[in-house]
file input.txt (compact mmCIF, C-alpha atoms and all ligand atoms)
# COMPACT_ATOMS: atom_id res chain seq x y z
CA MET A 259 97.53 68.59 106.33
CA ARG A 260 94.64 70.16 108.27
CA HIS A 261 95.93 73.76 108.35
CA LEU A 262 98.94 75.67 107.02
CA LEU A 263 100.27 77.84 109.84
CA SER A 264 104.06 77.83 109.51
CA ILE A 265 106.89 76.18 107.61
CA ASP A 266 108.07 74.40 110.75
CA ASP A 267 104.60 72.89 111.28
CA LEU A 268 104.58 71.81 107.64
CA GLY A 269 107.90 69.95 107.84
CA ALA A 270 110.31 68.90 105.12
CA ALA A 271 108.30 66.01 103.68
CA ASP A 272 105.16 68.06 103.15
CA LEU A 273 107.19 71.02 101.87
CA ARG A 274 108.70 68.76 99.21
CA GLU A 275 105.30 67.28 98.41
CA ILE A 276 103.82 70.73 97.74
CA LEU A 277 106.78 71.57 95.50
CA ARG A 278 106.35 68.24 93.70
CA ILE A 279 102.70 68.80 92.79
CA THR A 280 102.90 72.55 92.06
CA PRO A 281 103.88 72.08 88.36
CA THR A 282 100.54 70.35 87.78
CA PHE A 283 98.77 73.50 88.91
CA ALA A 284 101.14 75.78 86.98
CA GLU A 285 100.11 73.79 83.89
CA VAL A 286 96.44 74.60 84.52
CA ALA A 287 97.29 78.30 84.18
CA GLN A 288 98.60 77.63 80.66
CA ARG A 289 95.26 76.25 79.44
CA ARG A 290 92.92 78.34 77.37
CA ILE A 291 90.34 77.92 80.13
CA ALA A 292 92.51 78.02 83.23
CA LYS A 293 90.08 76.25 85.53
CA VAL A 294 89.58 72.74 86.95
CA PRO A 295 86.61 71.52 89.03
CA VAL A 296 88.68 70.18 91.93
CA LEU A 297 87.09 72.33 94.65
CA ARG A 298 83.67 72.77 93.08
CA GLY A 299 81.07 73.50 95.80
CA GLN A 300 83.66 74.60 98.37
CA THR A 301 84.12 78.13 99.67
CA VAL A 302 87.35 79.89 100.63
CA ALA A 303 87.09 83.03 102.77
CA LEU A 304 89.80 85.68 102.49
CA LEU A 305 90.09 87.55 105.79
CA PHE A 306 92.79 90.20 105.52
CA TYR A 307 93.25 92.55 108.48
CA GLU A 308 96.43 93.93 106.88
CA ASP A 309 97.02 95.38 103.42
CA SER A 310 97.93 93.01 100.62
CA THR A 311 98.07 92.97 96.84
CA ARG A 312 99.89 89.77 95.86
CA THR A 313 98.82 87.32 98.54
CA ARG A 314 95.12 88.19 98.64
CA LEU A 315 94.72 88.32 94.88
CA SER A 316 96.71 85.17 94.24
CA PHE A 317 94.74 83.16 96.82
CA GLU A 318 91.57 84.43 95.14
CA VAL A 319 92.83 83.47 91.68
CA ALA A 320 94.04 80.09 93.01
CA ALA A 321 90.68 79.29 94.61
CA LYS A 322 88.78 80.31 91.49
CA ARG A 323 91.04 78.25 89.22
CA LEU A 324 90.09 75.27 91.37
CA SER A 325 86.38 76.22 90.98
CA ALA A 326 85.94 77.16 94.65
CA ASP A 327 83.72 80.09 95.57
CA THR A 328 85.47 82.93 97.38
CA LEU A 329 84.23 85.18 100.14
CA ASN A 330 86.37 88.29 100.16
CA VAL A 331 85.97 90.02 103.52
CA SER A 332 86.78 93.70 103.32
CA VAL A 333 87.80 94.28 106.92
CA SER A 334 88.07 98.05 106.46
CA THR A 335 84.34 98.27 105.59
CA SER A 336 83.16 95.47 107.89
CA SER A 337 81.64 95.46 111.36
CA VAL A 338 85.19 95.20 112.72
CA ASN A 339 84.98 99.00 112.61
CA LYS A 340 82.02 98.79 115.03
CA GLY A 341 84.14 96.88 117.52
CA GLU A 342 83.40 93.30 116.47
CA SER A 343 86.06 90.92 117.79
CA LEU A 344 88.21 88.63 115.68
CA ARG A 345 86.43 85.59 117.11
CA ASP A 346 82.93 86.94 116.43
CA THR A 347 83.94 87.99 112.92
CA ALA A 348 85.48 84.61 112.12
CA GLU A 349 82.55 82.65 113.57
CA THR A 350 80.08 84.83 111.66
CA ILE A 351 81.87 84.11 108.38
CA GLU A 352 82.06 80.41 109.15
CA ALA A 353 78.33 80.30 109.89
CA MET A 354 77.72 81.29 106.26
CA GLY A 355 79.30 78.01 105.17
CA ILE A 356 82.99 78.09 104.38
CA ASP A 357 85.58 75.35 104.08
CA ALA A 358 88.76 77.36 104.54
CA VAL A 359 89.81 80.76 105.77
CA VAL A 360 92.94 82.50 104.54
CA VAL A 361 93.92 85.03 107.16
CA ARG A 362 96.40 87.87 107.41
CA HIS A 363 96.76 89.79 110.66
CA ARG A 364 99.26 92.16 112.24
CA SER A 365 99.41 89.97 115.37
CA SER A 366 101.55 86.84 115.44
CA GLY A 367 99.54 83.77 116.39
CA VAL A 368 96.14 84.80 115.01
CA PRO A 369 95.97 81.91 112.48
CA HIS A 370 96.74 79.43 115.26
CA GLN A 371 94.08 81.04 117.44
CA LEU A 372 91.50 80.68 114.64
CA THR A 373 92.15 76.94 114.53
CA GLN A 374 90.89 76.78 118.14
CA TRP A 375 87.61 78.52 117.25
CA LEU A 376 86.76 77.26 113.76
CA ASP A 377 86.16 73.91 112.09
CA SER A 378 87.40 75.28 108.74
CA ALA A 379 90.93 74.82 107.45
CA VAL A 380 93.08 77.84 108.29
CA VAL A 381 95.84 79.17 106.04
CA ASN A 382 98.29 81.73 107.37
CA ALA A 383 98.69 84.52 104.81
CA GLY A 384 101.06 86.42 107.10
CA ASP A 385 100.87 87.02 110.86
CA GLY A 386 102.92 89.84 112.34
CA TRP A 387 106.66 89.11 112.36
CA HIS A 388 105.99 85.40 112.66
CA GLN A 389 105.32 83.50 109.41
CA HIS A 390 104.23 83.81 105.78
CA PRO A 391 104.43 80.16 104.73
CA THR A 392 103.02 80.39 101.22
CA GLN A 393 105.56 83.13 100.41
CA ALA A 394 108.32 80.70 101.40
CA LEU A 395 106.75 77.93 99.33
CA LEU A 396 106.57 80.07 96.20
CA ASP A 397 110.13 81.29 96.85
CA CYS A 398 111.38 77.69 97.08
CA PHE A 399 109.52 76.77 93.91
CA THR A 400 110.94 79.79 92.06
CA LEU A 401 114.46 79.06 93.26
CA GLU A 402 114.32 75.37 92.37
CA SER A 403 113.00 76.32 88.92
CA ARG A 404 116.17 78.40 88.45
CA LEU A 405 118.82 76.51 90.40
CA GLY A 406 117.54 72.94 90.60
CA ASP A 407 118.20 71.15 93.90
CA LEU A 408 118.90 73.80 96.55
CA SER A 409 121.12 71.52 98.60
CA GLY A 410 124.43 73.30 99.21
CA SER A 411 123.39 76.51 97.45
CA HIS A 412 124.15 79.88 99.08
CA ILE A 413 121.27 82.29 99.52
CA ALA A 414 121.75 85.80 100.91
CA ILE A 415 118.73 87.50 102.49
CA VAL A 416 119.34 91.23 102.75
CA GLY A 417 117.50 93.93 104.67
CA ASP A 418 115.11 94.27 107.58
CA ILE A 419 115.27 90.72 108.90
CA LYS A 420 114.13 91.67 112.39
CA HIS A 421 110.56 92.55 111.41
CA SER A 422 110.23 90.10 108.54
CA ARG A 423 107.90 87.11 108.59
CA VAL A 424 109.18 86.37 105.07
CA ALA A 425 112.75 86.03 106.38
CA ARG A 426 111.64 83.69 109.18
CA SER A 427 109.64 81.53 106.77
CA ASP A 428 112.31 81.54 104.06
CA VAL A 429 115.14 80.64 106.43
CA ALA A 430 113.11 77.67 107.67
CA ALA A 431 112.16 76.54 104.16
CA PHE A 432 115.52 77.15 102.44
CA THR A 433 117.46 75.33 105.16
CA MET A 434 114.94 72.43 105.12
CA LEU A 435 115.89 72.03 101.45
CA GLY A 436 119.59 72.03 102.32
CA ALA A 437 120.51 75.59 101.35
CA GLU A 438 122.97 77.70 103.31
CA VAL A 439 121.57 81.09 104.25
CA THR A 440 123.44 84.29 105.05
CA LEU A 441 121.52 87.18 106.57
CA VAL A 442 122.96 90.56 105.54
CA ALA A 443 121.81 93.53 107.62
CA PRO A 444 122.95 96.16 110.09
CA PRO A 445 122.93 94.84 113.69
CA THR A 446 119.81 96.84 114.54
CA LEU A 447 117.79 95.08 111.82
CA LEU A 448 118.65 91.57 113.00
CA PRO A 449 116.47 89.67 115.49
CA PRO A 450 117.85 89.49 119.05
CA ALA A 451 118.11 85.68 119.02
CA VAL A 452 119.72 85.41 115.59
CA ASP A 453 122.57 83.32 117.04
CA ARG A 454 120.02 80.52 117.41
CA TRP A 455 118.98 80.71 113.74
CA PRO A 456 120.60 78.19 111.35
CA VAL A 457 122.32 80.96 109.37
CA ARG A 458 125.48 82.96 108.92
CA VAL A 459 125.32 86.70 109.56
CA SER A 460 127.10 89.49 107.71
CA HIS A 461 126.97 93.26 107.97
CA ASP A 462 128.77 93.71 104.64
CA LEU A 463 126.70 93.37 101.48
CA ASP A 464 129.66 93.98 99.17
CA ALA A 465 131.60 91.12 100.75
CA SER A 466 128.59 88.81 100.41
CA LEU A 467 127.86 89.25 96.70
CA ALA A 468 130.44 86.96 95.11
CA ALA A 469 129.41 83.82 97.02
CA CYS A 470 125.64 84.09 96.36
CA ASP A 471 123.72 81.62 94.24
CA ALA A 472 120.64 83.78 94.87
CA ILE A 473 120.01 87.10 96.57
CA TYR A 474 116.74 87.94 98.32
CA LEU A 475 115.95 91.56 99.15
CA LEU A 476 113.57 92.74 101.85
CA ARG A 477 112.02 96.16 102.26
CA MET A 478 112.16 98.20 105.48
CA GLN A 479 108.99 97.17 107.28
CA THR A 480 108.29 100.58 108.75
CA GLU A 481 104.74 99.60 109.72
CA ARG A 482 106.29 97.23 112.30
CA GLN A 483 109.14 99.49 113.44
CA HIS A 484 108.50 101.51 116.58
CA GLU A 485 111.91 103.11 116.97
CA ALA A 486 114.66 104.63 114.85
CA LEU A 487 116.79 101.61 113.93
CA ILE A 488 118.97 103.23 111.29
CA PRO A 489 120.45 106.75 111.22
CA ASP A 490 118.80 107.57 107.90
CA LEU A 491 117.33 105.81 104.91
CA ARG A 492 119.89 107.19 102.44
CA GLU A 493 122.80 105.82 104.44
CA TYR A 494 121.02 102.46 104.73
CA SER A 495 120.45 102.42 100.99
CA THR A 496 124.10 103.26 100.31
CA LEU A 497 125.29 100.34 102.44
CA TYR A 498 122.58 97.73 101.84
CA GLY A 499 120.70 98.71 98.68
CA LEU A 500 121.20 96.56 95.57
CA THR A 501 122.41 98.88 92.82
CA ALA A 502 123.05 97.87 89.20
CA GLU A 503 126.77 98.10 89.96
CA ARG A 504 126.43 95.63 92.84
CA ALA A 505 124.18 93.37 90.75
CA ALA A 506 126.94 93.25 88.13
CA ARG A 507 129.26 91.78 90.77
CA LEU A 508 126.95 88.78 91.26
CA ALA A 509 127.80 85.66 89.28
CA PRO A 510 126.02 85.63 85.90
CA GLY A 511 122.35 84.71 86.13
CA VAL A 512 122.12 84.77 89.92
CA PRO A 513 118.41 85.24 90.64
CA ILE A 514 117.48 88.51 92.36
CA MET A 515 114.34 88.00 94.44
CA HIS A 516 111.95 90.21 96.38
CA PRO A 517 108.60 89.30 97.97
CA GLY A 518 107.13 92.68 97.06
CA PRO A 519 106.09 95.34 97.50
CA MET A 520 109.44 96.83 96.41
CA ASN A 521 110.55 100.24 97.59
CA ARG A 522 112.57 101.35 94.59
CA GLY A 523 115.45 103.60 95.57
CA VAL A 524 115.75 102.06 99.05
CA GLU A 525 116.56 98.31 99.16
CA ILE A 526 116.65 98.09 95.37
CA ALA A 527 117.81 100.81 92.98
CA ALA A 528 115.16 102.06 90.57
CA ASP A 529 116.76 100.41 87.52
CA VAL A 530 117.53 96.99 89.05
CA PRO A 531 114.01 95.47 88.74
CA ASP A 532 114.44 95.71 84.94
CA LEU A 533 117.48 93.38 84.94
CA GLU A 534 116.92 90.00 83.31
CA GLN A 535 117.94 88.03 86.39
CA VAL A 536 115.22 89.63 88.55
CA VAL A 537 112.56 86.96 89.13
CA VAL A 538 109.94 89.00 90.99
CA VAL A 539 107.30 88.43 88.31
CA ASP A 540 108.06 84.68 88.33
CA GLN A 541 107.57 84.70 92.09
CA VAL A 542 104.11 86.25 91.68
CA ARG A 543 103.16 83.84 88.87
CA ASN A 544 104.39 80.83 90.86
CA GLY A 545 102.48 82.08 93.89
CA VAL A 546 99.17 81.23 92.22
CA ALA A 547 100.26 77.66 91.41
CA VAL A 548 101.72 77.06 94.88
CA ARG A 549 98.54 78.36 96.53
CA MET A 550 96.45 76.11 94.28
CA ALA A 551 98.55 73.19 95.50
CA VAL A 552 98.04 74.22 99.13
CA LEU A 553 94.26 74.60 98.75
CA PHE A 554 94.11 71.28 96.91
CA LEU A 555 95.96 69.49 99.71
CA LEU A 556 93.80 71.10 102.39
CA LEU A 557 90.41 70.74 100.73
CA GLY A 558 90.56 68.57 97.65
CA SER A 559 92.92 65.70 98.21
CA SER A 560 90.63 63.33 100.14
CA THR A 561 90.09 61.41 96.91
CA GLY A 562 93.85 61.35 96.26
CA ASP A 563 93.29 62.87 92.84
CA LEU A 564 95.12 65.63 91.04
CA PRO A 565 93.59 67.52 88.16
CA GLY A 566 94.47 65.69 84.95
CA THR A 567 97.09 67.25 82.75
CA SER A 568 98.03 64.97 79.88
CA ALA A 569 94.61 63.30 80.27
CA LEU A 570 92.91 66.51 79.16
CA PRO A 571 93.10 67.40 75.44
CA ALA A 572 93.53 71.12 75.97
CA GLN A 573 91.49 72.32 73.02
CA SER A 574 88.71 69.74 72.91
CA ALA A 575 85.07 70.58 73.65
CA ASP A 576 85.12 67.99 76.44
CA ALA A 577 88.10 69.67 78.02
CA GLU A 578 86.43 73.04 77.91
CA ALA A 579 83.21 71.67 79.38
CA SER A 580 85.21 69.87 82.04
CA ALA A 581 87.15 73.00 82.87
CA GLU A 582 83.85 74.82 83.31
CA GLY A 583 82.79 72.10 85.70
CA ASP A 584 80.02 70.63 83.51
CA VAL A 585 81.39 67.09 83.29
CA ALA A 586 83.55 64.93 85.49
CA GLU A 587 87.19 65.55 84.73
CA PRO A 588 89.65 62.74 84.10
CA VAL A 589 92.10 62.58 86.95
CA THR A 590 95.51 61.13 87.57
CA GLU A 591 96.64 59.42 90.75
CA VAL A 592 98.82 61.25 93.20
CA THR A 593 100.62 59.61 96.07
CA SER A 594 100.21 62.47 98.45
CA GLY A 595 101.40 61.96 101.98
CA VAL A 596 100.13 65.41 102.90
CA GLY A 597 96.44 65.07 102.48
CA GLY A 598 95.82 62.66 105.29
N1 LIG A 601 104.65 89.39 99.35
C1 LIG A 601 103.48 89.78 99.89
O1 LIG A 601 103.02 89.23 100.91
O2 LIG A 601 102.88 90.81 99.23
P1 LIG A 601 101.49 91.45 99.64
O3 LIG A 601 101.68 92.17 100.95
O4 LIG A 601 101.14 92.39 98.53
O5 LIG A 601 100.50 90.35 99.81
call {"tool": "encode", "arguments": {"input": "input.txt", "output": "structure tokens"}}
result
Amino acid sequence: MRHLLSIDDLGAADLREILRITPTFAEVAQRRIAKVPVLRGQTVALLFYEDSTRTRLSFEVAAKRLSADTLNVSVSTSSVNKGESLRDTAETIEAMGIDAVVVRHRSSGVPHQLTQWLDSAVVNAGDGWHQHPTQALLDCFTLESRLGDLSGSHIAIVGDIKHSRVARSDVAAFTMLGAEVTLVAPPTLLPPAVDRWPVRVSHDLDASLAACDAIYLLRMQTERQHEALIPDLREYSTLYGLTAERAARLAPGVPIMHPGPMNRGVEIAADVPDLEQVVVVDQVRNGVAVRMAVLFLLLGSSTGDLPGTSALPAQSADAEASAEGDVAEPVTEVTSGVGG
């Protein structure tokens, strides 16, 4: 794996490989010193042209837990405001010595374009309506943690599908793992070519609840909407918002997911995020481990080694020194087909 641009580029084998190694990185987070020296001496640049809380912070935490240095580019206070182009900005950052760039941009295709200009590994952290592959990876990991094998499971994705890179990435990833996906939205919030997507479509949330093994809510992406697609937000919320009453009609324990940020009172009623079956916090927590796995496969897997888990006595002085990067860490073999 040279870059991570989309779920389709990744493919089913590499998707499964990332999910297979992610628990190793989740285990690192449980240690008293949650750090391994896997990417010591490497630098990951975070280049976010669009707002982000979860993705930017979790890539930063992931890189730091692997002992990489991070270069956090604040686009809003950078020379982008003086008219510097994307290419000049990216090449300037690379000239400082980076190994990977994690990029978010409002335009679809920017991560792919960066691969033409840079030698560094490029990770797509969300490009326009197109893709958000690490969101799909963490969603798959969260779902498998709850449901086990996703083959044959029924997942409903509800909301503004048309403008959602999360929906595009999740549909690709969920169906690669054998799940059956139903998109639930008004016709105006579905993409024009939805008949070519490997999904069922429904305009009736109430009729879709009983058959769900998981339900995934999306916010209205007003920053990408350039026309009035629904008569009014209150009517939308009445028809497509998940209320506590609707949640009670799901089968017991059905995970309720959301990529965040949530708009309480619109796609999700204010009291629903407090329900036990809501896994939004798990999604965020798993996002760090999944992104560690991705960075490891892009930058750290040339030796074929994973950070040791059972090999490290968690409380020993050696383990602490190793976690701080002072001594070589014991490693365990991994048969990764992705790193090549
Ligand atoms: N889910 C997600 O991409 O959230 P952020 O926009 O906060 O990164």
call {"tool": "residues_around", "arguments": {"input": "input.txt", "residues": "Thr446 (chain A)", "least_positions_apart": "4", "cutoff": "10 Å", "atoms": "all atoms listed in the file", "output": "PyMOL selection string"}}
result
chain A and resi 418-420+450+486-488
call {"tool": "closest_residue", "arguments": {"input": "input.txt", "among": "A:Thr301, A:Ser316, A:Asn339, A:Gln371", "to": "Val359 (chain A)", "atoms": "only C-alpha atoms"}}
result
A:Thr301
call {"tool": "closest_residue", "arguments": {"input": "input.txt", "among": "A:Asp327, A:Glu308, A:Glu318, A:Asp407", "to": "ligand LIG 601 (chain A)", "atoms": "all atoms listed in the file"}}
result
A:Glu308
call {"tool": "residues_near_ligand", "arguments": {"input": "input.txt", "ligand": "ligand LIG 601 (chain A)", "cutoff": "7 Å", "atoms": "all atoms listed in the file", "output": "PDB file with C-alpha atoms, keeping the file's coordinate frame"}}
result
ATOM      1  CA  ASP A 309      97.020  95.380 103.420  1.00  0.00           C
ATOM      2  CA  SER A 310      97.930  93.010 100.620  1.00  0.00           C
ATOM      3  CA  THR A 311      98.070  92.970  96.840  1.00  0.00           C
ATOM      4  CA  ARG A 312      99.890  89.770  95.860  1.00  0.00           C
ATOM      5  CA  THR A 313      98.820  87.320  98.540  1.00  0.00           C
ATOM      6  CA  ARG A 314      95.120  88.190  98.640  1.00  0.00           C
ATOM      7  CA  GLN A 393     105.560  83.130 100.410  1.00  0.00           C
ATOM      8  CA  PRO A 517     108.600  89.300  97.970  1.00  0.00           C
ATOM      9  CA  GLY A 518     107.130  92.680  97.060  1.00  0.00           C
ATOM     10  CA  PRO A 519     106.090  95.340  97.500  1.00  0.00           C
TER      11      PRO A 519
END
call {"tool": "closest_atom_pairs", "arguments": {"input": "input.txt", "of": "region 276-373 of chain A", "to": "region 422-431 of chain A", "cutoff": "12 Å", "atoms": "all atoms listed in the file", "output": "Markdown table"}}
result
| residue | atom | partner | partner_atom | distance |
| --- | --- | --- | --- | --- |
| A:Leu277 | CA | A:Ala431 | CA | 11.3 |
| A:Arg362 | CA | A:Arg423 | CA | 11.6 |
| A:His363 | CA | A:Arg423 | CA | 11.6 |
| A:Arg364 | CA | A:Arg423 | CA | 10.7 |
| A:Ser365 | CA | A:Arg423 | CA | 11.2 |
| A:Ser366 | CA | A:Arg423 | CA | 9.3 |
| A:Gly367 | CA | A:Arg423 | CA | 11.9 |
call {"tool": "residues_around", "arguments": {"input": "input.txt", "residues": "Leu401 (chain A)", "least_positions_apart": "4", "cutoff": "12 Å", "atoms": "only C-alpha atoms", "output": "number ranges by chain"}}
result
A: 277, 394-397, 405-409, 411-413, 428, 431-432, 435, 437, 471-474, 512-516, 535-538, 540-541, 544
call {"tool": "write_last_selection", "arguments": {"input": "input.txt", "atoms": "C-alpha atoms", "output": "CSV table (one decimal), keeping the file's coordinate frame"}}
result
chain,number,residue,atom,x,y,z
A,277,LEU,CA,106.8,71.6,95.5
A,394,ALA,CA,108.3,80.7,101.4
A,395,LEU,CA,106.8,77.9,99.3
A,396,LEU,CA,106.6,80.1,96.2
A,397,ASP,CA,110.1,81.3,96.8
A,405,LEU,CA,118.8,76.5,90.4
A,406,GLY,CA,117.5,72.9,90.6
A,407,ASP,CA,118.2,71.2,93.9
A,408,LEU,CA,118.9,73.8,96.6
A,409,SER,CA,121.1,71.5,98.6
A,411,SER,CA,123.4,76.5,97.4
A,412,HIS,CA,124.2,79.9,99.1
A,413,ILE,CA,121.3,82.3,99.5
A,428,ASP,CA,112.3,81.5,104.1
A,431,ALA,CA,112.2,76.5,104.2
A,432,PHE,CA,115.5,77.2,102.4
A,435,LEU,CA,115.9,72.0,101.4
A,437,ALA,CA,120.5,75.6,101.4
A,471,ASP,CA,123.7,81.6,94.2
A,472,ALA,CA,120.6,83.8,94.9
A,473,ILE,CA,120.0,87.1,96.6
A,474,TYR,CA,116.7,87.9,98.3
A,512,VAL,CA,122.1,84.8,89.9
A,513,PRO,CA,118.4,85.2,90.6
A,514,ILE,CA,117.5,88.5,92.4
A,515,MET,CA,114.3,88.0,94.4
A,516,HIS,CA,112.0,90.2,96.4
A,535,GLN,CA,117.9,88.0,86.4
A,536,VAL,CA,115.2,89.6,88.6
A,537,VAL,CA,112.6,87.0,89.1
A,538,VAL,CA,109.9,89.0,91.0
A,540,ASP,CA,108.1,84.7,88.3
A,541,GLN,CA,107.6,84.7,92.1
A,544,ASN,CA,104.4,80.8,90.9
call {"tool": "atom_distance", "arguments": {"input": "input.txt", "atom1": "CA of Pro391 (chain A)", "atom2": "CA of Phe306 (chain A)"}}
result
15.4 Å
call {"tool": "residues_around", "arguments": {"input": "input.txt", "residues": "Val552 (chain A)", "least_positions_apart": "6", "cutoff": "9 Å", "atoms": "all atoms listed in the file", "output": "VMD selection string"}}
result
chain A and resid 262 276 280 381 392
call {"tool": "closest_residue", "arguments": {"input": "input.txt", "among": "A:Val439, A:Arg323, A:Thr480, A:Leu315", "to": "Gln288 (chain A)", "atoms": "only C-alpha atoms"}}
result
A:Arg323
call {"tool": "residues_around", "arguments": {"input": "input.txt", "residues": "Ala502 (chain A)", "least_positions_apart": "3", "cutoff": "12 Å", "atoms": "only C-alpha atoms", "output": "JSON, numbers by chain"}}
result
{"A": [499, 505, 506, 507, 508, 514, 523, 525, 526, 527, 528, 529, 530, 531, 532, 533, 534, 535, 536]}
call {"tool": "atom_distance", "arguments": {"input": "input.txt", "atom1": "CA of Leu324 (chain A)", "atom2": "CA of Ile356 (chain A)"}}
result
15.1 Å
call {"tool": "axis_aligned_box", "arguments": {"input": "input.txt", "around": "region 315-322 of chain A", "padding_each_side": "3 Å", "output": "JSON"}}
result
{"center_x": 92.7, "center_y": 83.8, "center_z": 94.2, "size_x": 13.9, "size_y": 15.0, "size_z": 11.3}
call {"tool": "closest_residue", "arguments": {"input": "input.txt", "among": "A:Gly417, A:Gly511, A:Gly558, A:Gly341", "to": "Pro445 (chain A)", "atoms": "only C-alpha atoms"}}
result
A:Gly417
call {"tool": "closest_residue", "arguments": {"input": "input.txt", "among": "A:His421, A:Gly436, A:Val524, A:Pro444", "to": "Pro456 (chain A)", "atoms": "all atoms listed in the file"}}
result
A:Gly436
call {"tool": "atom_distance", "arguments": {"input": "input.txt", "atom1": "CA of Ser495 (chain A)", "atom2": "CA of Cys470 (chain A)"}}
result
19.6 Å
call {"tool": "decode", "arguments": {"input": "input.txt", "residues": "region 393-404 of chain A", "atoms": "C-alpha atoms", "output": "compact mmCIF listing (two decimals), in the first residue's frame"}}
result
# COMPACT_ATOMS: atom_id res chain seq x y z
CA GLN A 393 -13.97 6.73 8.38
CA ALA A 394 -15.20 3.61 6.57
CA LEU A 395 -12.40 1.53 8.07
CA LEU A 396 -13.20 2.61 11.62
CA ASP A 397 -16.91 2.07 10.93
CA CYS A 398 -16.22 -1.49 9.73
CA PHE A 399 -14.05 -2.16 12.77
CA THR A 400 -16.72 -0.80 15.13
CA LEU A 401 -19.45 -2.81 13.45
CA GLU A 402 -17.47 -6.06 13.45
CA SER A 403 -16.68 -5.50 17.14
CA ARG A 404 -20.44 -5.42 17.78
